[in-house]
file data_28.txt (compact mmCIF, C-alpha atoms and all ligand atoms)
# COMPACT_ATOMS: atom_id res chain seq x y z
CA MET A 196 11.14 7.67 24.61
CA ASP A 197 8.90 6.48 21.80
CA LEU A 198 10.44 5.37 18.52
CA LYS A 199 9.37 8.40 16.51
CA GLU A 200 11.07 10.75 18.96
CA GLN A 201 14.34 8.85 18.52
CA ILE A 202 14.46 9.82 14.84
CA SER A 203 16.83 12.70 14.11
CA LYS A 204 15.33 15.14 11.59
CA ALA A 205 18.87 16.27 10.74
CA ARG A 206 19.97 12.78 9.63
CA MET A 207 16.86 11.78 7.70
CA PRO A 208 17.61 9.58 4.67
CA ARG A 209 16.62 11.58 1.58
CA HIS A 210 15.76 8.50 -0.40
CA ILE A 211 14.48 5.18 0.94
CA ALA A 212 14.04 2.18 -1.37
CA ILE A 213 12.03 -0.86 -0.30
CA ILE A 214 11.83 -4.44 -1.58
CA MET A 215 8.37 -5.36 -0.32
CA ASP A 216 8.59 -9.12 0.14
CA GLY A 217 6.60 -11.81 1.90
CA ASN A 218 2.97 -11.19 0.90
CA GLY A 219 2.53 -14.76 -0.34
CA ARG A 220 4.03 -16.35 2.77
CA TRP A 221 1.95 -14.08 5.01
CA ALA A 222 -1.25 -15.22 3.28
CA LYS A 223 -0.22 -18.88 3.36
CA ARG A 224 0.36 -18.70 7.11
CA GLN A 225 -3.27 -17.72 7.56
CA GLY A 226 -4.44 -20.44 5.17
CA MET A 227 -5.43 -17.83 2.60
CA ALA A 228 -4.74 -17.31 -1.12
CA ARG A 229 -1.68 -15.25 -2.13
CA MET A 230 -3.82 -12.31 -3.28
CA PHE A 231 -5.03 -11.88 0.29
CA GLY A 232 -1.41 -11.09 1.17
CA HIS A 233 -1.02 -8.64 -1.72
CA ARG A 234 -4.19 -6.80 -0.65
CA GLN A 235 -2.87 -6.52 2.89
CA GLY A 236 0.43 -5.37 1.36
CA VAL A 237 -1.37 -2.44 -0.22
CA GLN A 238 -2.46 -1.32 3.26
CA THR A 239 1.20 -1.40 4.34
CA VAL A 240 2.12 0.71 1.29
CA HIS A 241 -0.54 3.24 2.37
CA ASN A 242 0.76 3.38 5.97
CA ILE A 243 4.45 3.59 5.06
CA THR A 244 3.86 6.25 2.41
CA GLU A 245 1.98 8.43 4.89
CA ALA A 246 4.71 7.92 7.51
CA ALA A 247 7.50 8.76 5.03
CA ALA A 248 5.67 11.89 3.85
CA GLU A 249 5.15 13.01 7.43
CA LEU A 250 8.82 12.48 8.34
CA GLY A 251 9.96 14.58 5.40
CA VAL A 252 11.60 11.78 3.41
CA GLU A 253 12.06 13.15 -0.13
CA TYR A 254 11.95 9.95 -2.22
CA LEU A 255 10.38 6.56 -1.54
CA THR A 256 11.01 3.89 -4.19
CA LEU A 257 8.91 0.73 -3.94
CA TYR A 258 9.59 -2.47 -5.88
CA ALA A 259 5.97 -3.26 -6.77
CA PHE A 260 6.45 -5.58 -9.76
CA SER A 261 9.70 -6.90 -11.18
CA THR A 262 10.48 -7.99 -14.74
CA GLU A 263 10.80 -11.51 -13.31
CA ASN A 264 7.32 -11.29 -11.75
CA TRP A 265 5.85 -11.66 -15.28
CA ASN A 266 6.81 -15.34 -14.95
CA ARG A 267 4.35 -15.91 -12.09
CA PRO A 268 1.13 -17.86 -12.80
CA LYS A 269 -1.08 -15.84 -15.16
CA GLU A 270 -3.94 -15.66 -12.62
CA GLU A 271 -1.65 -13.99 -10.07
CA VAL A 272 -0.22 -11.53 -12.63
CA ASP A 273 -3.72 -10.61 -13.86
CA ALA A 274 -5.01 -10.19 -10.30
CA LEU A 275 -2.00 -8.02 -9.38
CA MET A 276 -2.63 -5.76 -12.38
CA ILE A 277 -6.27 -5.33 -11.31
CA LEU A 278 -5.15 -4.66 -7.73
CA LEU A 279 -2.76 -1.97 -8.98
CA VAL A 280 -5.53 -0.23 -10.94
CA ASP A 281 -7.96 -0.41 -7.99
CA THR A 282 -5.27 0.84 -5.61
CA ILE A 283 -4.44 3.83 -7.78
CA ALA A 284 -8.14 4.76 -8.02
CA LYS A 285 -8.58 4.41 -4.27
CA GLU A 286 -5.30 5.99 -3.15
CA THR A 287 -5.02 9.04 -5.40
CA PRO A 288 -6.97 11.20 -2.87
CA THR A 289 -4.54 10.06 -0.12
CA LEU A 290 -1.58 11.04 -2.31
CA MET A 291 -3.17 14.46 -2.88
CA LYS A 292 -3.92 14.90 0.84
CA ASN A 293 -0.30 14.08 1.74
CA ASN A 294 1.17 16.24 -1.08
CA VAL A 295 2.78 13.12 -2.62
CA ARG A 296 3.92 13.08 -6.22
CA LEU A 297 3.72 9.72 -7.98
CA THR A 298 6.26 8.66 -10.58
CA THR A 299 7.19 5.25 -11.98
CA ILE A 300 10.26 3.46 -13.28
CA GLY A 301 10.23 0.34 -15.42
CA ASP A 302 9.00 -0.91 -18.76
CA LEU A 303 5.44 0.45 -18.60
CA SER A 304 4.82 -0.64 -22.19
CA ARG A 305 4.50 -4.22 -20.90
CA LEU A 306 1.63 -3.32 -18.55
CA PRO A 307 -1.99 -3.84 -19.65
CA GLU A 308 -3.32 -0.74 -21.38
CA GLU A 309 -5.76 0.17 -18.59
CA THR A 310 -3.14 -0.20 -15.85
CA CYS A 311 -0.74 1.99 -17.81
CA ARG A 312 -3.44 4.61 -18.48
CA LYS A 313 -4.48 4.78 -14.79
CA PHE A 314 -0.88 5.28 -13.73
CA LYS A 315 -0.37 8.03 -16.30
CA GLU A 316 -3.52 9.79 -15.03
CA CYS A 317 -2.37 9.61 -11.41
CA ILE A 318 1.13 10.79 -12.38
CA ALA A 319 -0.42 13.81 -14.15
CA GLN A 320 -2.83 14.55 -11.30
CA THR A 321 -0.10 14.51 -8.63
CA SER A 322 2.61 16.16 -10.73
CA ALA A 323 2.41 19.55 -9.00
CA ASN A 324 2.68 18.07 -5.49
CA THR A 325 5.81 19.21 -3.72
CA GLY A 326 6.21 16.73 -0.85
CA LEU A 327 7.38 13.13 -0.99
CA GLN A 328 8.11 11.70 -4.44
CA MET A 329 6.86 8.13 -4.58
CA VAL A 330 8.64 6.09 -7.25
CA LEU A 331 6.88 2.85 -8.10
CA ALA A 332 9.06 0.27 -9.83
CA LEU A 333 6.72 -1.56 -12.21
CA SER A 334 7.92 -4.17 -14.67
CA TYR A 335 11.36 -3.05 -13.52
CA SER A 336 14.69 -4.80 -13.28
CA ALA A 337 18.11 -3.22 -12.97
CA ARG A 338 19.62 -5.33 -15.74
CA TRP A 339 16.80 -4.27 -18.09
CA GLU A 340 17.43 -0.64 -17.11
CA LEU A 341 21.21 -0.89 -17.59
CA THR A 342 20.77 -2.63 -20.94
CA GLU A 343 18.46 0.18 -22.09
CA ALA A 344 20.99 2.77 -20.92
CA VAL A 345 23.83 1.05 -22.82
CA ARG A 346 21.63 0.92 -25.92
CA MET A 347 20.87 4.68 -25.71
CA VAL A 348 24.50 5.62 -25.12
CA ALA A 349 25.69 3.36 -27.98
CA LYS A 350 23.11 4.96 -30.30
CA LYS A 351 24.33 8.46 -29.45
CA ALA A 352 27.94 7.36 -29.97
CA ALA A 353 27.06 5.86 -33.36
CA GLU A 354 25.22 9.04 -34.36
CA GLY A 355 28.22 11.11 -33.30
CA THR A 356 26.37 13.11 -30.59
CA LEU A 357 28.46 11.54 -27.82
CA ARG A 358 32.18 10.67 -27.88
CA ALA A 359 33.23 7.36 -26.29
CA ASP A 360 35.96 9.04 -24.22
CA GLU A 361 33.42 11.51 -22.81
CA ILE A 362 31.36 8.74 -21.21
CA ASP A 363 31.63 8.88 -17.43
CA GLU A 364 29.52 7.85 -14.40
CA GLN A 365 27.36 10.93 -14.86
CA THR A 366 26.56 9.82 -18.43
CA VAL A 367 25.44 6.41 -17.20
CA SER A 368 23.31 7.90 -14.37
CA MET A 369 21.66 10.29 -16.82
CA HIS A 370 20.50 7.41 -19.00
CA LEU A 371 18.93 5.39 -16.18
CA THR A 372 15.19 5.55 -15.45
CA THR A 373 16.08 7.25 -12.15
CA ALA A 374 17.85 10.21 -13.85
CA GLY A 375 17.54 13.28 -11.62
CA ILE A 376 16.72 11.27 -8.47
CA PRO A 377 19.49 10.99 -5.85
CA ASP A 378 20.72 7.46 -5.10
CA PRO A 379 18.92 5.66 -2.24
CA ASP A 380 20.50 6.20 1.18
CA LEU A 381 18.71 3.24 2.72
CA LEU A 382 17.41 -0.01 1.23
CA ILE A 383 14.91 -2.01 3.29
CA ARG A 384 13.99 -5.59 2.41
CA THR A 385 11.32 -7.43 4.33
CA SER A 386 10.70 -11.18 4.79
CA GLY A 387 14.21 -12.25 5.80
CA GLU A 388 15.62 -12.76 2.28
CA LEU A 389 19.17 -11.41 2.01
CA ARG A 390 19.22 -10.47 -1.68
CA ILE A 391 19.03 -7.40 -3.94
CA SER A 392 17.03 -9.28 -6.62
CA ASN A 393 17.88 -7.14 -9.64
CA PHE A 394 16.77 -3.89 -7.96
CA LEU A 395 18.59 -0.58 -8.58
CA LEU A 396 21.99 -2.29 -8.95
CA TRP A 397 23.79 0.89 -10.03
CA GLN A 398 21.98 3.26 -7.65
CA LEU A 399 22.45 1.14 -4.50
CA ALA A 400 26.27 1.29 -4.71
CA TYR A 401 26.58 3.13 -1.36
CA ALA A 402 23.16 2.50 0.20
CA GLU A 403 22.90 1.20 3.74
CA LEU A 404 21.13 -2.17 3.67
CA TYR A 405 18.49 -3.11 6.24
CA PHE A 406 17.00 -6.59 6.28
CA THR A 407 14.13 -7.58 8.55
CA PRO A 408 12.41 -10.96 8.96
CA CYS A 409 9.08 -9.14 9.18
CA LEU A 410 6.78 -10.01 6.25
CA TRP A 411 5.58 -6.98 4.23
CA PRO A 412 1.91 -7.11 5.38
CA ASP A 413 3.19 -7.02 9.00
CA PHE A 414 5.70 -4.21 8.37
CA SER A 415 4.32 -1.50 10.62
CA VAL A 416 5.13 2.18 10.86
CA GLU A 417 7.09 1.33 14.05
CA GLU A 418 9.19 -1.18 12.07
CA PHE A 419 9.80 1.57 9.52
CA TYR A 420 10.94 3.93 12.28
CA ARG A 421 13.27 1.18 13.57
CA ALA A 422 14.90 0.89 10.14
CA ILE A 423 15.46 4.65 9.99
CA ILE A 424 16.88 4.77 13.53
CA ASP A 425 19.23 1.88 12.66
CA TYR A 426 20.33 3.78 9.53
CA GLN A 427 20.97 6.93 11.58
CA HIS A 428 23.39 5.02 13.82
CA ARG A 429 25.52 3.86 10.90
CA GLU A 430 28.67 5.62 9.79
CA ARG A 431 28.59 6.24 6.05
CA ARG A 432 32.16 6.40 4.79
CA PHE A 433 31.78 6.19 0.98
CA GLY A 434 35.20 4.48 0.84
CA LYS A 435 36.93 7.00 3.12
CA THR A 436 38.38 6.40 6.61
CA SER A 437 36.43 7.05 9.81
CA GLU A 438 38.64 10.05 10.60
CA GLN A 439 37.92 11.63 7.23
CA VAL A 440 34.16 11.55 7.63
CA ILE A 441 33.91 12.93 11.20
C1 LIG B 501 6.26 -9.70 -2.82
O1 LIG B 501 5.60 -10.71 -2.12
C2 LIG B 501 5.34 -8.74 -3.37
C3 LIG B 501 5.08 -8.50 -4.69
C4 LIG B 501 5.71 -9.22 -5.80
C5 LIG B 501 4.10 -7.50 -5.12
C6 LIG B 501 4.08 -6.28 -4.27
C7 LIG B 501 2.78 -5.66 -4.45
C8 LIG B 501 2.09 -5.06 -3.48
C9 LIG B 501 2.55 -4.84 -2.09
C10 LIG B 501 0.74 -4.57 -3.80
C11 LIG B 501 0.68 -3.44 -4.74
C12 LIG B 501 1.59 -2.33 -4.49
C13 LIG B 501 1.32 -1.02 -4.72
C14 LIG B 501 2.43 -0.07 -4.67
C15 LIG B 501 0.00 -0.50 -4.99
P1 LIG B 501 5.71 -12.16 -2.68
O2 LIG B 501 4.48 -12.45 -3.46
O3 LIG B 501 6.99 -12.34 -3.42
O4 LIG B 501 5.72 -12.98 -1.34
P2 LIG B 501 6.42 -14.39 -1.09
O5 LIG B 501 7.88 -14.19 -1.31
O6 LIG B 501 6.08 -14.68 0.34
O7 LIG B 501 5.79 -15.36 -2.06
call {"tool": "encode", "arguments": {"input": "data_28.txt", "output": "structure tokens", "more": "lines below"}}
Ligand code: FPP
result
Amino acid sequence: MDLKEQISKARMPRHIAIIMDGNGRWAKRQGMARMFGHRQGVQTVHNITEAAAELGVEYLTLYAFSTENWNRPKEEVDALMILLVDTIAKETPTLMKNNVRLTTIGDLSRLPEETCRKFKECIAQTSANTGLQMVLALSYSARWELTEAVRMVAKKAAEGTLRADEIDEQTVSMHLTTAGIPDPDLLIRTSGELRISNFLLWQLAYAELYFTPCLWPDFSVEEFYRAIIDYQHRERRFGKTSEQVI
């Protein structure tokens, strides 16, 4: 039976989050510059987004640029920003064709003006699409997001619009950049690194984690299917016993 047929439609993860890692190493292995790996990584993003949309996944969150990535050499940061703009221009028709709605999380105010503007245009253009919601994490880190949430909650408490003893988990979730999006069911990280790297720390509390040595540019649709099949064989207990969840 081929891999796709092994996927159960009834147990599809609603939300898949991916740490796309290994572009630089992939390029280095071929004796090429790091940007060569990032450009190939864009092709993987295209393939995986189409596959997720076709499978009926509801949310796909991709860690495209972290707060810490600003510390990379300026030439790489600048080239990545240009790549993002070019990719958006090139891929918007594909998003439309696949009924994908683009949204972003992160501190967009730190992005160059043109990059930010292009994203806003694409977000507006795809806003009525009803299929997969693609969430691009750009200039994002979970500690930044949690700090912002604490700041907003503290401000409301100081203004008297929120009482300290009313603050619960729901309050925190509502003040995160992912408000309204269900928590990821499955987190995939490529390139063999076994870390979360400041990604969705609150939201990943009960996610199933899938790590693969495959570098992001090599991460094929078949590898993606393998991750979903692996997820579907796990028992999610959310702190309960096996007997309780049967
Ligand atoms: C990690 O590889 C990748 C990134 C920091 C950037 C990811 C960006 C893309 C895949 C291209 C743009 C994406 C979209 C959504 C249009 P790395 O550079 O950390 O690789 P390394 O660990 O091998 O050095």
call {"tool": "residues_near_point", "arguments": {"input": "data_28.txt", "point": "(18.9, 13.7, 13.7)", "cutoff": "12 Å", "atoms": "all atoms listed in the file", "output": "PyMOL selection string"}}
result
chain A and resi 199-208+250+423-428
call {"tool": "residues_around", "arguments": {"input": "data_28.txt", "residues": "stretch 217-231 of chain A", "least_positions_apart": "3", "cutoff": "12 Å", "atoms": "all atoms listed in the file", "output": "JSON, numbers by chain"}}
result
{"A": [214, 234, 235, 236, 237, 238, 239, 240, 259, 267, 268, 270, 271, 272, 273, 274, 275, 276, 277, 278, 279, 384, 385, 386, 387, 388, 407, 408, 409, 410, 411, 412, 413, 414]}
call {"tool": "atom_distance", "arguments": {"input": "data_28.txt", "atom1": "atom CA of A:Thr310", "atom2": "atom C2 of ligand LIG 501 (chain B)"}}
result
17.3 Å
call {"tool": "axis_aligned_box", "arguments": {"input": "data_28.txt", "around": "ligand LIG 501 (chain B)", "padding_each_side": "8 Å", "output": "JSON"}}
result
{"center_x": 3.9, "center_y": -7.7, "center_z": -2.7, "size_x": 23.9, "size_y": 31.3, "size_z": 22.1}
call {"tool": "closest_atom_pairs", "arguments": {"input": "data_28.txt", "of": "stretch 262-300 of chain A", "to": "stretch 325-344 of chain A", "cutoff": "9 Å", "atoms": "all atoms listed in the file", "output": "JSON lines"}}
result
{"residue": "A:Thr262", "atom": "CA", "partner": "A:Ser334", "partner_atom": "CA", "distance": 4.6}
{"residue": "A:Glu263", "atom": "CA", "partner": "A:Ser336", "partner_atom": "CA", "distance": 7.8}
{"residue": "A:Asn264", "atom": "CA", "partner": "A:Ser334", "partner_atom": "CA", "distance": 7.7}
{"residue": "A:Trp265", "atom": "CA", "partner": "A:Ser334", "partner_atom": "CA", "distance": 7.8}
{"residue": "A:Asn293", "atom": "CA", "partner": "A:Gly326", "partner_atom": "CA", "distance": 7.5}
{"residue": "A:Asn294", "atom": "CA", "partner": "A:Gly326", "partner_atom": "CA", "distance": 5.1}
{"residue": "A:Val295", "atom": "CA", "partner": "A:Leu327", "partner_atom": "CA", "distance": 4.9}
{"residue": "A:Arg296", "atom": "CA", "partner": "A:Gln328", "partner_atom": "CA", "distance": 4.8}
{"residue": "A:Leu297", "atom": "CA", "partner": "A:Met329", "partner_atom": "CA", "distance": 4.9}
{"residue": "A:Thr298", "atom": "CA", "partner": "A:Val330", "partner_atom": "CA", "distance": 4.8}
{"residue": "A:Thr299", "atom": "CA", "partner": "A:Leu331", "partner_atom": "CA", "distance": 4.6}
{"residue": "A:Ile300", "atom": "CA", "partner": "A:Ala332", "partner_atom": "CA", "distance": 4.8}
call {"tool": "write_last_selection", "arguments": {"input": "data_28.txt", "atoms": "C-alpha atoms", "output": "CSV table (one decimal), in the frame of the given file"}}
result
chain,number,residue,atom,x,y,z
A,262,THR,CA,10.5,-8.0,-14.7
A,263,GLU,CA,10.8,-11.5,-13.3
A,264,ASN,CA,7.3,-11.3,-11.8
A,265,TRP,CA,5.8,-11.7,-15.3
A,293,ASN,CA,-0.3,14.1,1.7
A,294,ASN,CA,1.2,16.2,-1.1
A,295,VAL,CA,2.8,13.1,-2.6
A,296,ARG,CA,3.9,13.1,-6.2
A,297,LEU,CA,3.7,9.7,-8.0
A,298,THR,CA,6.3,8.7,-10.6
A,299,THR,CA,7.2,5.2,-12.0
A,300,ILE,CA,10.3,3.5,-13.3
call {"tool": "closest_residue", "arguments": {"input": "data_28.txt", "among": "A:Leu395, A:Ile383, A:Ile376, A:Met369", "to": "A:Ile243", "atoms": "all atoms listed in the file"}}
result
A:Ile383
call {"tool": "closest_residue", "arguments": {"input": "data_28.txt", "among": "A:Arg209, A:Leu389, A:Met196, A:Phe260", "to": "ligand LIG 501 (chain B)", "atoms": "all atoms listed in the file"}}
result
A:Phe260
call {"tool": "atom_distance", "arguments": {"input": "data_28.txt", "atom1": "atom C11 of ligand LIG 501 (chain B)", "atom2": "atom CA of A:Glu308"}}
result
17.3 Å
call {"tool": "residues_around", "arguments": {"input": "data_28.txt", "residues": "A:Arg432", "least_positions_apart": "3", "cutoff": "12 Å", "atoms": "all atoms listed in the file", "output": "PyMOL selection string"}}
result
chain A and resi 401-403+429+435-441
call {"tool": "atom_distance", "arguments": {"input": "data_28.txt", "atom1": "atom CA of A:Arg390", "atom2": "atom CA of A:Asp216"}}
result
10.9 Å
call {"tool": "residues_around", "arguments": {"input": "data_28.txt", "residues": "A:Glu316", "least_positions_apart": "4", "cutoff": "10 Å", "atoms": "all atoms listed in the file", "output": "list in words"}}
result
Ile283, Ala284, Thr287, Cys311, Arg312, Gln320, Thr321 and Ser322 of chain A
call {"tool": "closest_residue", "arguments": {"input": "data_28.txt", "among": "A:His210, A:Lys269, A:Arg358, A:Lys285", "to": "ligand LIG 501 (chain B)", "atoms": "all atoms listed in the file"}}
result
A:Lys285
call {"tool": "closest_residue", "arguments": {"input": "data_28.txt", "among": "A:Lys315, A:Thr256, A:Glu286, A:Tyr420", "to": "A:Leu303", "atoms": "only C-alpha atoms"}}
result
A:Lys315
call {"tool": "closest_residue", "arguments": {"input": "data_28.txt", "among": "A:Ala323, A:Ile362, A:Leu382, A:Val348", "to": "A:Met291", "atoms": "only C-alpha atoms"}}
result
A:Ala323
call {"tool": "closest_residue", "arguments": {"input": "data_28.txt", "among": "A:Phe314, A:Trp397, A:Tyr405, A:Tyr258", "to": "ligand LIG 501 (chain B)", "atoms": "only C-alpha atoms and all ligand atoms"}}
result
A:Tyr258
